[in-house]
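Enquirer: Please read through the structure below; I'll follow up with questions.
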Amino acid sequence: MTTTHETPDMAIGRPPGDLSRLLFGHLHRSDQQRWGNVYLQGLLRTTGKKTVRRMAAVVTGSEAASSSLHQFVNASPWAWAPARGELARWAAGSLPVRAWTLAPAVLPKRGNCSAGVHQRFLPESGRTVNCQLGLGLFLDAGRTHVPVDWRLFLPPRFTRDEAVRDRAKIPATTRAQPLWDHALRLVQEMTSRSQGRTAPVVADLTALCDVAPLAQRLQGSEHAFLLAIPGQTTLAGPELPPAERESARGMLLRRGVRHPAGAGRQIISHDTPVHGLRPDGERSRGAGRLMAEWDAGSGRPGRIWLTNIIDRHPVELMELARSPRGARASIDRMGEDFGLLDFEGRSYPGWHRHMTLVSAAYACSTLEGMNN
C-alpha cells in the first residue's frame with residue numbers, strides 16, 4: 001500500500017546548528033525530511049504535553065497535519081540508526097566529553113501491548129509499575145549530559161510469541177537480551193562512531209541487572225570503565241577456592257586506604273585485579289581499583305565502584321562517579337520539557353524514532369543554552 005504525507009502549510013525554520021539537515025539528510029524523500037523537521041521543532045516549541053496534534057498546530061498552524069506527523073514516526077520506513085550516528089558525532093564535536101554515561105529511563109505505560117511493556121519493581125520508590133525500560137548512552141560534559149543512543153529492553157514474551165512480535169512490529173532479528181548486554185552494545189556502537197576518540201564508561205545499574213558480565217567485557221576490550229557494584233560482589237578469580245574469596249565491601253573495610261576529599265569527606269580505595277573476557281572468548285586480567293565514599297555516620301563505605309582506571313586520583317574518579325546522577329537529571333528534564341513520556345504509539349520502530357527525536361531536541365536546546 002502506498003502512503004502519502006500532507007505537506008505543511010508554512011515554511012519550517014531549521015533548528016540551531018542545522019541539526020535537522022544532519023539528522024534527516026540521509027532520507028531520500030523530501031517529505032520525510034520535512035516531517036522530521038516538523039517533529040523536531042514541535043518538541044522544541046510546544047509547551048506542555050507533546051501530542052502530535054499540538055505539535056502540528058504549533059509548527060504548521062494546522063491540526064490536520066497531525067496524522068502525517070504520526071505516520072512519520074510510526075509507519076514511515078526510515079532508519080533511526082543513521083540519525084543517531086549524526087547526532088552522536090554532532091554532540092561529541094560540540095562538547096568537552098569526559099565520559100559515556102549509561103542510564104535507565106523508566107517510562108510508565110497503560111495496557112500490555114506497547115513494545116517491551118512489563119511489570120517492574122522499582123527499589124528507589126518501593127513500587128511496582130507497568131512500564132517500558134529504556135537504556136540510554138549520554139555524553140557527559142560535566143555541566144550537561146546529552147543522550148545520543150537508546151536500547152529498549154524486551155521481556156522474552158515479545159520475541160517468543162509471533163503474534164505479540166508482529167503486533168509490536170519487532171524485527172525478526174531482534175532478540176530478548178539481558179540489560180548488561182544492551183549496555184555493552186551501546187558502548188560498542190558509540191565506539192564505532194567515535195573514530196577512536198573514546199571515553200570512560202560510567203554507570204550505576206546495580207538495581208537493574210548483574211553488572212559483572214559488563215565489567216568483564218569492557219575489561220576484555222580494554223575500554224576504561226567506572227561501574228557501581230553491589231558490596232557483596234566477589235572479585236577474586238574463579239581459580240581461588242570459595243573460602244579465599246572476598247567481597248568488595250570486605251576488601252575496602254579490611255584493606256582500604258583513605259584519601260581526604262575536602263569538606264570533611266573521605267574516599268576509601270583498594271587496588272585489586274580486574275578479570276576480563278576478550279571478544280575471542282579468552283580470559284584476561286588487569287589492574288583495577290575499588291572505591292567508595294566513606295560514610296562517617298555508619299562507619300562503612302557507601303556506594304562501591306569498580307574501575308580499571310588507575311592513572312587518576314581516587315578523588316577525581318569519585319567526582320566522575322556522580323555522572324549517572326547528572327544523566328538521571330537529564331532524563332527527568334526530557335520527561336518534563338521534551339516529550340520523553342508522550343509517545344503516541346505502541347510499536348518498536350516508533351519508540352526508537354521518538355526517542356531519537358526527543359534526544360535531538362534535548363541536545364539542540366542544551367547546546368544552544370550553553371552557547372548563549
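Starting from 1 in every chain, residues are counted up; chains themselves are A, B, ... following the order of the C-alpha cells, and ligands are numbered from 1 as listed.
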Show which residues sit within 7 Å of segment 86-101 of chain A, as a PDB file with all heavy atoms, in the first residue's frame. Count only C-alpha atoms, and ignore same-chain residues fewer than 6 positions away.
Expert:
ATOM      1  N   LEU A  22      21.412  17.502   9.289  1.00  0.00           N
ATOM      2  CA  LEU A  22      22.304  16.390   9.612  1.00  0.00           C
ATOM      3  C   LEU A  22      21.524  15.116   9.915  1.00  0.00           C
ATOM      4  O   LEU A  22      21.881  14.026   9.461  1.00  0.00           O
ATOM      5  CB  LEU A  22      23.175  16.765  10.819  1.00  0.00           C
ATOM      6  CG  LEU A  22      24.266  17.809  10.599  1.00  0.00           C
ATOM      7  CD1 LEU A  22      24.927  18.165  11.912  1.00  0.00           C
ATOM      8  CD2 LEU A  22      25.297  17.315   9.603  1.00  0.00           C
ATOM      9  N   LEU A  23      20.441  15.258  10.676  1.00  0.00           N
ATOM     10  CA  LEU A  23      19.682  14.086  11.094  1.00  0.00           C
ATOM     11  C   LEU A  23      18.934  13.434   9.952  1.00  0.00           C
ATOM     12  O   LEU A  23      18.861  12.202   9.864  1.00  0.00           O
ATOM     13  CB  LEU A  23      18.684  14.466  12.194  1.00  0.00           C
ATOM     14  CG  LEU A  23      19.250  14.891  13.541  1.00  0.00           C
ATOM     15  CD1 LEU A  23      18.113  15.251  14.476  1.00  0.00           C
ATOM     16  CD2 LEU A  23      20.106  13.798  14.155  1.00  0.00           C
ATOM     17  N   LEU A 137      22.618   6.052  26.316  1.00  0.00           N
ATOM     18  CA  LEU A 137      24.023   6.443  26.435  1.00  0.00           C
ATOM     19  C   LEU A 137      24.092   7.957  26.319  1.00  0.00           C
ATOM     20  O   LEU A 137      23.609   8.541  25.338  1.00  0.00           O
ATOM     21  CB  LEU A 137      24.878   5.779  25.352  1.00  0.00           C
ATOM     22  CG  LEU A 137      26.392   5.985  25.520  1.00  0.00           C
ATOM     23  CD1 LEU A 137      27.177   4.759  25.047  1.00  0.00           C
ATOM     24  CD2 LEU A 137      26.893   7.225  24.772  1.00  0.00           C
ATOM     25  N   PHE A 138      24.690   8.585  27.328  1.00  0.00           N
ATOM     26  CA  PHE A 138      24.780  10.036  27.425  1.00  0.00           C
ATOM     27  C   PHE A 138      26.231  10.473  27.331  1.00  0.00           C
ATOM     28  O   PHE A 138      27.127   9.837  27.896  1.00  0.00           O
ATOM     29  CB  PHE A 138      24.214  10.529  28.770  1.00  0.00           C
ATOM     30  CG  PHE A 138      22.731  10.345  28.928  1.00  0.00           C
ATOM     31  CD1 PHE A 138      22.178   9.088  29.106  1.00  0.00           C
ATOM     32  CD2 PHE A 138      21.881  11.438  28.898  1.00  0.00           C
ATOM     33  CE1 PHE A 138      20.814   8.909  29.249  1.00  0.00           C
ATOM     34  CE2 PHE A 138      20.512  11.280  29.042  1.00  0.00           C
ATOM     35  CZ  PHE A 138      19.979  10.010  29.215  1.00  0.00           C
ATOM     36  N   LEU A 139      26.466  11.573  26.622  1.00  0.00           N
ATOM     37  CA  LEU A 139      27.776  12.194  26.610  1.00  0.00           C
ATOM     38  C   LEU A 139      27.846  13.165  27.782  1.00  0.00           C
ATOM     39  O   LEU A 139      27.091  14.140  27.839  1.00  0.00           O
ATOM     40  CB  LEU A 139      28.011  12.931  25.287  1.00  0.00           C
ATOM     41  CG  LEU A 139      27.907  12.082  24.013  1.00  0.00           C
ATOM     42  CD1 LEU A 139      28.282  12.917  22.795  1.00  0.00           C
ATOM     43  CD2 LEU A 139      28.748  10.821  24.092  1.00  0.00           C
ATOM     44  N   ASP A 140      28.735  12.872  28.715  1.00  0.00           N
ATOM     45  CA  ASP A 140      28.883  13.680  29.928  1.00  0.00           C
ATOM     46  C   ASP A 140      29.929  14.747  29.680  1.00  0.00           C
ATOM     47  O   ASP A 140      31.097  14.452  29.437  1.00  0.00           O
ATOM     48  CB  ASP A 140      29.297  12.763  31.090  1.00  0.00           C
ATOM     49  CG  ASP A 140      29.699  13.519  32.339  1.00  0.00           C
ATOM     50  OD1 ASP A 140      29.581  14.760  32.367  1.00  0.00           O
ATOM     51  OD2 ASP A 140      30.136  12.862  33.302  1.00  0.00           O
ATOM     52  N   ALA A 141      29.482  16.003  29.743  1.00  0.00           N
ATOM     53  CA  ALA A 141      30.395  17.132  29.571  1.00  0.00           C
ATOM     54  C   ALA A 141      30.514  17.936  30.859  1.00  0.00           C
ATOM     55  O   ALA A 141      30.862  19.118  30.828  1.00  0.00           O
ATOM     56  CB  ALA A 141      29.930  18.029  28.434  1.00  0.00           C
ATOM     57  N   VAL A 148      22.522  10.250  23.211  1.00  0.00           N
ATOM     58  CA  VAL A 148      22.787  10.074  21.779  1.00  0.00           C
ATOM     59  C   VAL A 148      22.388   8.690  21.266  1.00  0.00           C
ATOM     60  O   VAL A 148      22.407   8.452  20.056  1.00  0.00           O
ATOM     61  CB  VAL A 148      24.277  10.337  21.442  1.00  0.00           C
ATOM     62  CG1 VAL A 148      24.632  11.792  21.702  1.00  0.00           C
ATOM     63  CG2 VAL A 148      25.203   9.407  22.225  1.00  0.00           C
ATOM     64  N   ALA A 199      35.771   7.381  25.574  1.00  0.00           N
ATOM     65  CA  ALA A 199      35.736   7.971  26.908  1.00  0.00           C
ATOM     66  C   ALA A 199      35.376   6.874  27.899  1.00  0.00           C
ATOM     67  O   ALA A 199      34.806   5.844  27.517  1.00  0.00           O
ATOM     68  CB  ALA A 199      34.707   9.107  26.958  1.00  0.00           C
ATOM     69  N   PRO A 200      35.710   7.050  29.177  1.00  0.00           N
ATOM     70  CA  PRO A 200      35.359   6.022  30.165  1.00  0.00           C
ATOM     71  C   PRO A 200      33.849   5.803  30.230  1.00  0.00           C
ATOM     72  O   PRO A 200      33.063   6.747  30.136  1.00  0.00           O
ATOM     73  CB  PRO A 200      35.881   6.606  31.487  1.00  0.00           C
ATOM     74  CG  PRO A 200      36.918   7.597  31.089  1.00  0.00           C
ATOM     75  CD  PRO A 200      36.473   8.157  29.777  1.00  0.00           C
ATOM     76  N   VAL A 201      33.450   4.554  30.387  1.00  0.00           N
ATOM     77  CA  VAL A 201      32.045   4.211  30.573  1.00  0.00           C
ATOM     78  C   VAL A 201      31.728   4.293  32.058  1.00  0.00           C
ATOM     79  O   VAL A 201      32.410   3.658  32.883  1.00  0.00           O
ATOM     80  CB  VAL A 201      31.751   2.790  30.053  1.00  0.00           C
ATOM     81  CG1 VAL A 201      30.324   2.380  30.390  1.00  0.00           C
ATOM     82  CG2 VAL A 201      31.989   2.726  28.554  1.00  0.00           C
ATOM     83  N   VAL A 202      30.711   5.066  32.410  1.00  0.00           N
ATOM     84  CA  VAL A 202      30.300   5.228  33.803  1.00  0.00           C
ATOM     85  C   VAL A 202      28.844   4.810  33.919  1.00  0.00           C
ATOM     86  O   VAL A 202      28.001   5.230  33.119  1.00  0.00           O
ATOM     87  CB  VAL A 202      30.471   6.685  34.283  1.00  0.00           C
ATOM     88  CG1 VAL A 202      30.135   6.802  35.762  1.00  0.00           C
ATOM     89  CG2 VAL A 202      31.905   7.167  34.022  1.00  0.00           C
ATOM     90  N   ALA A 203      28.530   3.981  34.919  1.00  0.00           N
ATOM     91  CA  ALA A 203      27.148   3.520  35.064  1.00  0.00           C
ATOM     92  C   ALA A 203      26.891   3.023  36.474  1.00  0.00           C
ATOM     93  O   ALA A 203      27.787   2.481  37.130  1.00  0.00           O
ATOM     94  CB  ALA A 203      26.843   2.398  34.064  1.00  0.00           C
ATOM     95  N   SER A 323      28.404  11.095  37.629  1.00  0.00           N
ATOM     96  CA  SER A 323      27.844  11.254  36.293  1.00  0.00           C
ATOM     97  C   SER A 323      26.457  10.638  36.124  1.00  0.00           C
ATOM     98  O   SER A 323      25.581  11.258  35.509  1.00  0.00           O
ATOM     99  CB  SER A 323      28.809  10.671  35.258  1.00  0.00           C
ATOM    100  OG  SER A 323      28.347  10.883  33.949  1.00  0.00           O
ATOM    101  N   PRO A 324      26.180   9.425  36.645  1.00  0.00           N
ATOM    102  CA  PRO A 324      24.823   8.886  36.494  1.00  0.00           C
ATOM    103  C   PRO A 324      23.739   9.776  37.089  1.00  0.00           C
ATOM    104  O   PRO A 324      22.617   9.811  36.590  1.00  0.00           O
ATOM    105  CB  PRO A 324      24.917   7.534  37.214  1.00  0.00           C
ATOM    106  CG  PRO A 324      26.342   7.137  37.076  1.00  0.00           C
ATOM    107  CD  PRO A 324      27.112   8.425  37.214  1.00  0.00           C
ATOM    108  N   ALA A 360      17.454  14.410  20.118  1.00  0.00           N
ATOM    109  CA  ALA A 360      17.947  15.501  19.277  1.00  0.00           C
ATOM    110  C   ALA A 360      17.426  16.849  19.762  1.00  0.00           C
ATOM    111  O   ALA A 360      18.170  17.841  19.796  1.00  0.00           O
ATOM    112  CB  ALA A 360      17.535  15.260  17.830  1.00  0.00           C
TER     113      ALA A 360
END
Enquirer: Using only C-alpha atoms, determine which residues lie at most 10 Å from Pro123 of chain A, disregarding the query and same-chain residues fewer than 4 positions distant; provide the list as a VMD selection string.
Expert: chain A and resid 127 to 128 207 to 208
Enquirer: May I have the residues from that selection written out with all heavy atoms, as a PDB file, in the first residue's frame?
Expert:
ATOM      1  N   ARG A 127       7.768   0.680  44.615  1.00  0.00           N
ATOM      2  CA  ARG A 127       6.526   0.412  43.889  1.00  0.00           C
ATOM      3  C   ARG A 127       6.790  -0.479  42.678  1.00  0.00           C
ATOM      4  O   ARG A 127       7.882  -0.498  42.130  1.00  0.00           O
ATOM      5  CB  ARG A 127       5.878   1.719  43.423  1.00  0.00           C
ATOM      6  CG  ARG A 127       5.466   2.658  44.533  1.00  0.00           C
ATOM      7  CD  ARG A 127       4.687   3.847  43.983  1.00  0.00           C
ATOM      8  NE  ARG A 127       5.464   4.602  43.007  1.00  0.00           N
ATOM      9  CZ  ARG A 127       5.151   4.723  41.726  1.00  0.00           C
ATOM     10  NH1 ARG A 127       4.061   4.132  41.243  1.00  0.00           N
ATOM     11  NH2 ARG A 127       5.896   5.443  40.901  1.00  0.00           N
ATOM     12  N   THR A 128       5.754  -1.182  42.277  1.00  0.00           N
ATOM     13  CA  THR A 128       5.781  -1.920  41.020  1.00  0.00           C
ATOM     14  C   THR A 128       4.984  -1.132  39.987  1.00  0.00           C
ATOM     15  O   THR A 128       3.853  -0.725  40.256  1.00  0.00           O
ATOM     16  CB  THR A 128       5.177  -3.328  41.185  1.00  0.00           C
ATOM     17  OG1 THR A 128       5.982  -4.073  42.110  1.00  0.00           O
ATOM     18  CG2 THR A 128       5.139  -4.067  39.850  1.00  0.00           C
ATOM     19  N   ALA A 207      20.699  -1.777  40.486  1.00  0.00           N
ATOM     20  CA  ALA A 207      19.312  -2.083  40.840  1.00  0.00           C
ATOM     21  C   ALA A 207      18.578  -2.802  39.714  1.00  0.00           C
ATOM     22  O   ALA A 207      17.455  -3.275  39.912  1.00  0.00           O
ATOM     23  CB  ALA A 207      18.561  -0.803  41.206  1.00  0.00           C
ATOM     24  N   LEU A 208      19.214  -2.904  38.535  1.00  0.00           N
ATOM     25  CA  LEU A 208      18.522  -3.429  37.368  1.00  0.00           C
ATOM     26  C   LEU A 208      19.099  -4.728  36.827  1.00  0.00           C
ATOM     27  O   LEU A 208      18.385  -5.509  36.196  1.00  0.00           O
ATOM     28  CB  LEU A 208      18.538  -2.382  36.241  1.00  0.00           C
ATOM     29  CG  LEU A 208      17.815  -1.068  36.534  1.00  0.00           C
ATOM     30  CD1 LEU A 208      18.098  -0.069  35.425  1.00  0.00           C
ATOM     31  CD2 LEU A 208      16.310  -1.306  36.665  1.00  0.00           C
TER      32      LEU A 208
END
Enquirer: With only C-alpha atoms as the atoms that count, which of A:Val187, A:Leu214, A:Leu152, A:Ala296 lies nearest to Ile170 of chain A?
Expert: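 So, comparing all the options, the nearest one is A:Leu152.
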Enquirer: Within 8 Å of segment 331-345 of chain A, counting only C-alpha atoms, which residues qualify if same-chain residues fewer than 5 places away don't, as a PyMOL selection string?
Expert: chain A and resi 43-44+47-52+70+74+105+107-108+114+350-351+354-355+358+361-362
Enquirer: Could you dump the residues just selected with all heavy atoms as a short mmCIF file (atom, residue, chain, number, x, y, z; two decimals), in the first residue's frame?
Expert:
data_model
loop_
_atom_site.label_atom_id
_atom_site.label_comp_id
_atom_site.auth_asym_id
_atom_site.auth_seq_id
_atom_site.Cartn_x
_atom_site.Cartn_y
_atom_site.Cartn_z
N LEU A 43 8.77 19.38 19.22
CA LEU A 43 9.30 19.05 20.54
C LEU A 43 9.97 20.25 21.18
O LEU A 43 9.91 20.43 22.40
CB LEU A 43 10.31 17.90 20.42
CG LEU A 43 9.74 16.53 20.01
CD1 LEU A 43 10.88 15.55 19.75
CD2 LEU A 43 8.81 15.97 21.09
N LEU A 44 10.59 21.08 20.38
CA LEU A 44 11.29 22.26 20.90
C LEU A 44 10.35 23.41 21.23
O LEU A 44 10.58 24.15 22.19
CB LEU A 44 12.33 22.74 19.88
CG LEU A 44 13.58 21.88 19.72
CD1 LEU A 44 14.33 22.27 18.45
CD2 LEU A 44 14.48 22.02 20.94
N THR A 47 4.64 23.80 24.26
CA THR A 47 4.66 23.75 25.71
C THR A 47 3.69 22.67 26.18
O THR A 47 2.73 22.33 25.50
CB THR A 47 4.26 25.10 26.33
OG1 THR A 47 2.96 25.45 25.84
CG2 THR A 47 5.27 26.18 25.94
N GLY A 48 3.96 22.12 27.36
CA GLY A 48 3.07 21.10 27.91
C GLY A 48 3.24 19.77 27.20
O GLY A 48 4.30 19.45 26.66
N LYS A 49 2.18 18.98 27.18
CA LYS A 49 2.22 17.65 26.59
C LYS A 49 2.47 17.74 25.09
O LYS A 49 1.84 18.52 24.38
CB LYS A 49 0.90 16.91 26.86
CG LYS A 49 0.95 15.42 26.51
CD LYS A 49 -0.33 14.74 26.96
CE LYS A 49 -0.32 13.26 26.62
NZ LYS A 49 0.72 12.52 27.35
N LYS A 50 3.40 16.92 24.61
CA LYS A 50 3.81 16.97 23.20
C LYS A 50 3.02 15.94 22.38
O LYS A 50 3.56 14.96 21.87
CB LYS A 50 5.31 16.69 23.06
CG LYS A 50 6.21 17.53 23.97
CD LYS A 50 6.16 18.99 23.62
CE LYS A 50 7.25 19.78 24.32
NZ LYS A 50 7.11 19.87 25.78
N THR A 51 1.71 16.14 22.21
CA THR A 51 0.94 15.29 21.32
C THR A 51 1.21 15.70 19.89
O THR A 51 1.56 16.87 19.61
CB THR A 51 -0.57 15.41 21.61
OG1 THR A 51 -1.00 16.74 21.28
CG2 THR A 51 -0.88 15.13 23.08
N VAL A 52 1.02 14.78 18.94
CA VAL A 52 1.28 15.13 17.54
C VAL A 52 0.31 16.22 17.08
O VAL A 52 0.68 17.07 16.25
CB VAL A 52 1.20 13.89 16.63
CG1 VAL A 52 2.37 12.96 16.88
CG2 VAL A 52 -0.11 13.16 16.78
N HIS A 70 2.12 11.71 12.84
CA HIS A 70 2.02 10.41 13.49
C HIS A 70 2.55 9.30 12.58
O HIS A 70 3.29 8.41 13.01
CB HIS A 70 0.55 10.13 13.85
CG HIS A 70 0.35 8.90 14.66
ND1 HIS A 70 0.25 7.65 14.10
CD2 HIS A 70 0.22 8.72 16.00
CE1 HIS A 70 0.07 6.74 15.05
NE2 HIS A 70 0.04 7.38 16.20
N ASN A 74 5.57 6.54 13.24
CA ASN A 74 5.13 5.17 13.47
C ASN A 74 5.17 4.26 12.24
O ASN A 74 5.37 3.05 12.38
CB ASN A 74 3.71 5.17 14.05
CG ASN A 74 3.69 5.57 15.50
OD1 ASN A 74 4.08 4.80 16.37
ND2 ASN A 74 3.24 6.79 15.78
N ALA A 105 15.89 4.71 31.72
CA ALA A 105 14.69 5.56 31.72
C ALA A 105 13.48 4.64 31.87
O ALA A 105 13.23 3.80 31.01
CB ALA A 105 14.58 6.37 30.44
N LEU A 107 9.64 4.30 31.69
CA LEU A 107 8.57 5.02 31.01
C LEU A 107 7.24 4.36 31.33
O LEU A 107 6.91 3.31 30.77
CB LEU A 107 8.82 5.01 29.50
CG LEU A 107 10.24 5.39 29.06
CD1 LEU A 107 10.42 5.19 27.57
CD2 LEU A 107 10.55 6.83 29.45
N PRO A 108 6.45 4.91 32.26
CA PRO A 108 5.16 4.30 32.62
C PRO A 108 4.23 4.19 31.42
O PRO A 108 4.16 5.10 30.58
CB PRO A 108 4.60 5.27 33.67
CG PRO A 108 5.80 5.97 34.22
CD PRO A 108 6.74 6.11 33.06
N SER A 114 2.16 -2.19 24.21
CA SER A 114 3.32 -1.42 23.76
C SER A 114 4.57 -2.28 23.80
O SER A 114 4.75 -3.11 24.69
CB SER A 114 3.52 -0.18 24.64
OG SER A 114 2.44 0.71 24.52
N GLY A 350 8.51 2.81 16.18
CA GLY A 350 8.02 4.12 16.58
C GLY A 350 8.70 4.61 17.84
O GLY A 350 9.05 5.79 17.97
N TRP A 351 8.89 3.70 18.81
CA TRP A 351 9.57 4.06 20.06
C TRP A 351 10.97 4.56 19.77
O TRP A 351 11.40 5.60 20.29
CB TRP A 351 9.62 2.86 21.00
CG TRP A 351 10.19 3.16 22.35
CD1 TRP A 351 9.51 3.57 23.46
CD2 TRP A 351 11.57 3.07 22.74
NE1 TRP A 351 10.38 3.75 24.52
CE2 TRP A 351 11.64 3.45 24.10
CE3 TRP A 351 12.74 2.71 22.08
CZ2 TRP A 351 12.85 3.47 24.80
CZ3 TRP A 351 13.95 2.75 22.77
CH2 TRP A 351 14.00 3.13 24.12
N HIS A 354 10.90 8.02 18.06
CA HIS A 354 10.54 9.07 19.01
C HIS A 354 11.71 9.38 19.95
O HIS A 354 12.02 10.56 20.18
CB HIS A 354 9.32 8.63 19.83
CG HIS A 354 8.91 9.60 20.89
ND1 HIS A 354 8.27 10.79 20.62
CD2 HIS A 354 9.07 9.55 22.25
CE1 HIS A 354 8.04 11.44 21.75
NE2 HIS A 354 8.52 10.71 22.75
N MET A 355 12.36 8.35 20.47
CA MET A 355 13.48 8.58 21.38
C MET A 355 14.63 9.29 20.67
O MET A 355 15.34 10.11 21.26
CB MET A 355 13.96 7.25 21.96
CG MET A 355 12.92 6.55 22.83
SD MET A 355 12.44 7.49 24.31
CE MET A 355 13.87 7.19 25.37
N VAL A 358 13.44 12.98 20.41
CA VAL A 358 13.49 13.62 21.73
C VAL A 358 14.93 13.92 22.12
O VAL A 358 15.24 15.01 22.64
CB VAL A 358 12.81 12.73 22.78
CG1 VAL A 358 13.07 13.25 24.19
CG2 VAL A 358 11.30 12.67 22.54
N ALA A 361 16.14 16.90 20.13
CA ALA A 361 15.58 18.16 20.63
C ALA A 361 16.27 18.59 21.92
O ALA A 361 16.60 19.76 22.11
CB ALA A 361 14.07 17.99 20.86
N TYR A 362 16.51 17.63 22.80
CA TYR A 362 17.18 17.95 24.06
C TYR A 362 18.60 18.43 23.79
O TYR A 362 19.05 19.42 24.39
CB TYR A 362 17.20 16.73 24.97
CG TYR A 362 17.83 17.00 26.32
CD1 TYR A 362 17.11 17.63 27.33
CD2 TYR A 362 19.15 16.65 26.58
CE1 TYR A 362 17.68 17.90 28.56
CE2 TYR A 362 19.74 16.92 27.80
CZ TYR A 362 19.00 17.55 28.79
OH TYR A 362 19.58 17.82 30.00
#
Enquirer: Tell me, as a PDB file with C-alpha atoms, in the first residue's frame, which residues lie within 9 Å of segment 258-261 of chain A, counting only C-alpha atoms; anything in the same chain fewer than 6 positions away does not count.
Expert:
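Ended up saving to around-v7.pdb:
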ATOM      1  CA  ILE A 267      37.368   8.403  49.860  1.00  0.00           C
ATOM      2  CA  ILE A 268      38.433   4.850  50.579  1.00  0.00           C
ATOM      3  CA  SER A 269      40.129   2.774  47.882  1.00  0.00           C
ATOM      4  CA  TRP A 294      33.425   6.748  53.461  1.00  0.00           C
ATOM      5  CA  PRO A 314      40.522   8.339  43.589  1.00  0.00           C
ATOM      6  CA  VAL A 315      39.045  11.729  44.494  1.00  0.00           C
TER       7      VAL A 315
END
Enquirer: From the DSSP assignment of the backbone, select every residue of segment 166-364 of chain A that is helix (DSSP H, G or I), and format the answer as a PyMOL selection string.
Expert: chain A and resi 166-167+179-193+212-220+242-244+248-255+314-320+323-337+348-364
Enquirer: To one decimal place in Å, what is the distance between atom CA of Leu252 of chain A and atom CA of Gly142 of chain A?
Expert: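 Computed distance, atom CA of Leu252 of chain A to atom CA of Gly142 of chain A, equals 27.9 Å.
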Enquirer: Mind giving me the straight-line distance from atom CA of Val257 of chain A to atom CA of Leu102 of chain A in Å, one decimal?
Expert: 28.3 Å
Enquirer: Measuring between only C-alpha atoms, which one of A:Trp180, A:Met291, A:Leu154, A:Gln41 shows the shortest distance to His313 of chain A?
Expert: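 Selected residue with least distance to His313 of chain A: A:Met291.
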Enquirer: What's the separation between atom CA of Gly36 of chain A and atom CA of Gly136 of chain A, in Å to one decimal place?
Expert: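 Taking atom CA of Gly36 of chain A as the start and atom CA of Gly136 of chain A as the end point, the length is 21.2 Å.
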Enquirer: Could you tell me, as a ChimeraX atom specification, which residues of segment 116-290 of chain A DSSP assigns to strand (DSSP E or B) when given the backbone?
Expert: /A:118-122,127-140,145-152,201-203,225-229,234,247,257-262,265-277,283-290
Enquirer: Using only C-alpha atoms, which of the listed residues (A:Arg151, A:Arg110, A:Arg285, A:Lys169) sits closest to Val129 of chain A?
Expert: A:Arg110
